[in-house]
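**Q** Can you read through this structure? Questions will come right after.
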Amino acid sequence: MMTVTVLLFASYADALGKSAIELDLAPGSTVRDILGTLLSMPGGDRLPTRPLVAVNQEYASANTALHGGEEVAVIPPVAGG
Amino acid sequence: MRVALVDSPIDVSALISEVTDDSCGAATVFLGCVRDVNEGRAVTGIEYSAYRSMAEREMTAIAREAAERFGVTRLVVEHRLGTLGLGDVSVAIVAAHPHRAPALDAMRFAIEQLKQRVPIWKLELYIDGTREWVGAGSIPAGVR
């Protein structure tokens, strides 16, 4: 098993009622697997099925492979300015 | 160039002084301010939050891209976080250059890119006591 830290922000943090989650994943897991886990959690139905994700502060895709120890951020539509 | 997320009011005059000197024939300033109405609803303020580490990284990348594209290295971008009231400055960008065209282009580029890709969010506070996350941002090109 490997562990990643998942960060949630703004409306997504409100939906899941938390701003950070430690997830244990099987080796070979991708961003897609994390999204599947989040969507099945209480409040996960309020997330879009394919939200924007960043791995270690860089925008990533659902296919991005994880190796453990990453910071995975699920990013609501940005609204700076 | 310098970018920053700040938690206190932005001093625009200080930013202008920071990036200009006698070589600058032009300095352009963009200020984003908290507006009293959004989509027909009366707004009393906005609470800004960010994914700080990534936001600073993206802002730095934008400043570098502005330098590459327009040759403007005299650029400062500050975005304020926290609860802001009507009229407060949420973001300030100053670009300076010997000539006006690069200064104007770099300033425009920086604010448009910031709005598209920097992970900052606003929680709008309405006069009736309700609040709502603003979801106006777009998905950066080439992602997912």
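Letters A, B, ... go to the chains of the structure tokens in the order shown; residues in each chain start at 1; ligands are counted from 1 in the same order.
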Taking only C-alpha atoms into account, which residues of chain B are within 10 Å of chain A, as a PyMOL selection string?

**A** chain B and resi 31-34+48-58+79-81+89-92+111-112+114-123+132-140+142-144

**Q** Do a neighbour search on Arg74 (chain B) at 6 Å with only C-alpha atoms, toss out local chain neighbours closer than 6 positions, and write the hits as an MDAnalysis selection string.

**A** chainID B and resid 1 19 95:96

**Q** Kindly indicate which residue among B:Thr44, B:Ile93, B:Asn38, B:Ile127 lies nearest to Ser13 (chain B), using only C-alpha atoms for the distances.

**A**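 Selected residue with least distance to Ser13 (chain B): B:Ile93.
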
**Q** Could you name the residues that touch region 33-45 of chain A at 10 Å or less, counting only C-alpha atoms, but leaving out those on the same chain fewer than 6 positions away, as number ranges by chain?

**A** A: 4, 6, 12-17, 21, 23-26, 51, 53, 62-63, 65-66, 72, 74

**Q** How about saving the chosen residues, N, CA and C atoms kept, as a tab-separated table (two decimals), in the first residue's frame?

**A**
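Resulting contents of selection-v3.tsv:
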```tsv
chain	number	residue	atom	x	y	z
A	4	VAL	N	-1.25	8.80	-0.05
A	4	VAL	CA	-1.15	10.15	-0.61
A	4	VAL	C	-2.03	11.08	0.23
A	6	VAL	N	-4.67	14.05	0.07
A	6	VAL	CA	-5.60	14.70	-0.84
A	6	VAL	C	-6.07	16.00	-0.22
A	12	TYR	N	-15.51	22.23	-2.85
A	12	TYR	CA	-15.26	20.79	-2.72
A	12	TYR	C	-14.98	20.42	-1.26
A	13	ALA	N	-14.30	21.30	-0.54
A	13	ALA	CA	-14.07	21.07	0.89
A	13	ALA	C	-15.40	21.11	1.64
A	14	ASP	N	-16.26	22.04	1.24
A	14	ASP	CA	-17.59	22.10	1.86
A	14	ASP	C	-18.38	20.82	1.59
A	15	ALA	N	-18.28	20.31	0.35
A	15	ALA	CA	-19.06	19.12	-0.04
A	15	ALA	C	-18.67	17.92	0.82
A	16	LEU	N	-17.38	17.72	1.01
A	16	LEU	CA	-16.91	16.54	1.75
A	16	LEU	C	-16.71	16.82	3.24
A	17	GLY	N	-16.87	18.08	3.63
A	17	GLY	CA	-16.77	18.43	5.05
A	17	GLY	C	-15.36	18.35	5.60
A	21	ILE	N	-7.38	14.80	3.33
A	21	ILE	CA	-7.66	13.38	3.60
A	21	ILE	C	-6.39	12.59	3.27
A	23	LEU	N	-5.15	9.08	2.05
A	23	LEU	CA	-5.74	7.90	1.40
A	23	LEU	C	-4.68	6.83	1.20
A	24	ASP	N	-5.04	5.60	1.56
A	24	ASP	CA	-4.17	4.45	1.27
A	24	ASP	C	-4.59	3.86	-0.08
A	25	LEU	N	-3.63	3.67	-0.95
A	25	LEU	CA	-3.93	3.21	-2.30
A	25	LEU	C	-3.08	1.99	-2.64
A	26	ALA	N	-3.62	1.17	-3.54
A	26	ALA	CA	-2.85	0.03	-4.03
A	26	ALA	C	-1.75	0.54	-4.96
A	51	PRO	N	-13.31	16.30	-11.90
A	51	PRO	CA	-12.80	17.62	-11.49
A	51	PRO	C	-11.34	17.80	-11.90
A	53	VAL	N	-7.50	18.38	-11.27
A	53	VAL	CA	-6.62	17.84	-10.23
A	53	VAL	C	-5.19	18.33	-10.45
A	62	ALA	N	-6.35	12.51	-15.25
A	62	ALA	CA	-6.88	11.35	-14.53
A	62	ALA	C	-5.94	10.16	-14.64
A	63	ASN	N	-5.13	10.12	-15.71
A	63	ASN	CA	-4.22	8.98	-15.92
A	63	ASN	C	-2.90	9.12	-15.18
A	65	ALA	N	-0.02	8.73	-12.93
A	65	ALA	CA	0.31	7.64	-12.00
A	65	ALA	C	0.81	8.22	-10.68
A	66	LEU	N	0.51	7.51	-9.60
A	66	LEU	CA	0.94	7.93	-8.27
A	66	LEU	C	1.91	6.90	-7.71
A	72	VAL	N	-2.04	15.52	-3.62
A	72	VAL	CA	-3.00	15.56	-4.72
A	72	VAL	C	-4.10	16.55	-4.36
A	74	VAL	N	-7.61	18.55	-5.35
A	74	VAL	CA	-8.78	18.55	-6.21
A	74	VAL	C	-9.26	20.01	-6.27
```

**Q** In Å to one decimal, how far is CA of Leu104 (chain B) from CA of Cys24 (chain B)?

**A**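 Separation between CA of Cys24 (chain B) and CA of Leu104 (chain B): 12.7 Å.
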
**Q** Report, in Å with one decimal, the straight-line distance from CA of Ala20 (chain A) to CA of Met2 (chain A).

**A**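 So the two atoms, CA of Ala20 (chain A) and CA of Met2 (chain A), lie 16.5 Å apart.
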
**Q** Between CA of Ala42 (chain B) and CA of Ser19 (chain A), what distance in Å does the model show, to one decimal?

**A** 29.0 Å

**Q** Just the strand (DSSP E or B) stuff from chain B, please, per backbone DSSP, written as a PyMOL selection string.

**A** chain B and resi 2-6+26-33+37-38+41-50+74-80+82-85+89-97+120-126+131-133

**Q** Which residues are near Ser23 (chain B)? Cut-off 10 Å, only C-alpha atoms, ignore same chain within fewer than 3 positions. Put them as a PDB file with N, CA and C atoms, in the first residue's frame.

**A**
```
ATOM      1  N   THR B  20       9.317  50.647 -11.198  1.00  0.00           N
ATOM      2  CA  THR B  20       9.690  51.696 -12.148  1.00  0.00           C
ATOM      3  C   THR B  20      11.027  52.350 -11.784  1.00  0.00           C
ATOM      4  N   ALA B  26       6.785  53.904 -19.602  1.00  0.00           N
ATOM      5  CA  ALA B  26       5.392  53.534 -19.363  1.00  0.00           C
ATOM      6  C   ALA B  26       5.288  52.591 -18.180  1.00  0.00           C
ATOM      7  N   ALA B  96       6.042  47.613 -16.068  1.00  0.00           N
ATOM      8  CA  ALA B  96       6.745  48.816 -16.536  1.00  0.00           C
ATOM      9  C   ALA B  96       7.774  48.434 -17.597  1.00  0.00           C
ATOM     10  N   HIS B  97       7.984  49.383 -18.539  1.00  0.00           N
ATOM     11  CA  HIS B  97       8.844  49.104 -19.695  1.00  0.00           C
ATOM     12  C   HIS B  97       9.224  50.463 -20.302  1.00  0.00           C
ATOM     13  N   PRO B  98      10.299  50.508 -21.080  1.00  0.00           N
ATOM     14  CA  PRO B  98      10.604  51.773 -21.754  1.00  0.00           C
ATOM     15  C   PRO B  98       9.454  52.241 -22.654  1.00  0.00           C
ATOM     16  N   HIS B  99       8.657  51.295 -23.199  1.00  0.00           N
ATOM     17  CA  HIS B  99       7.582  51.665 -24.134  1.00  0.00           C
ATOM     18  C   HIS B  99       6.236  51.092 -23.691  1.00  0.00           C
TER      19      HIS B  99
END
```
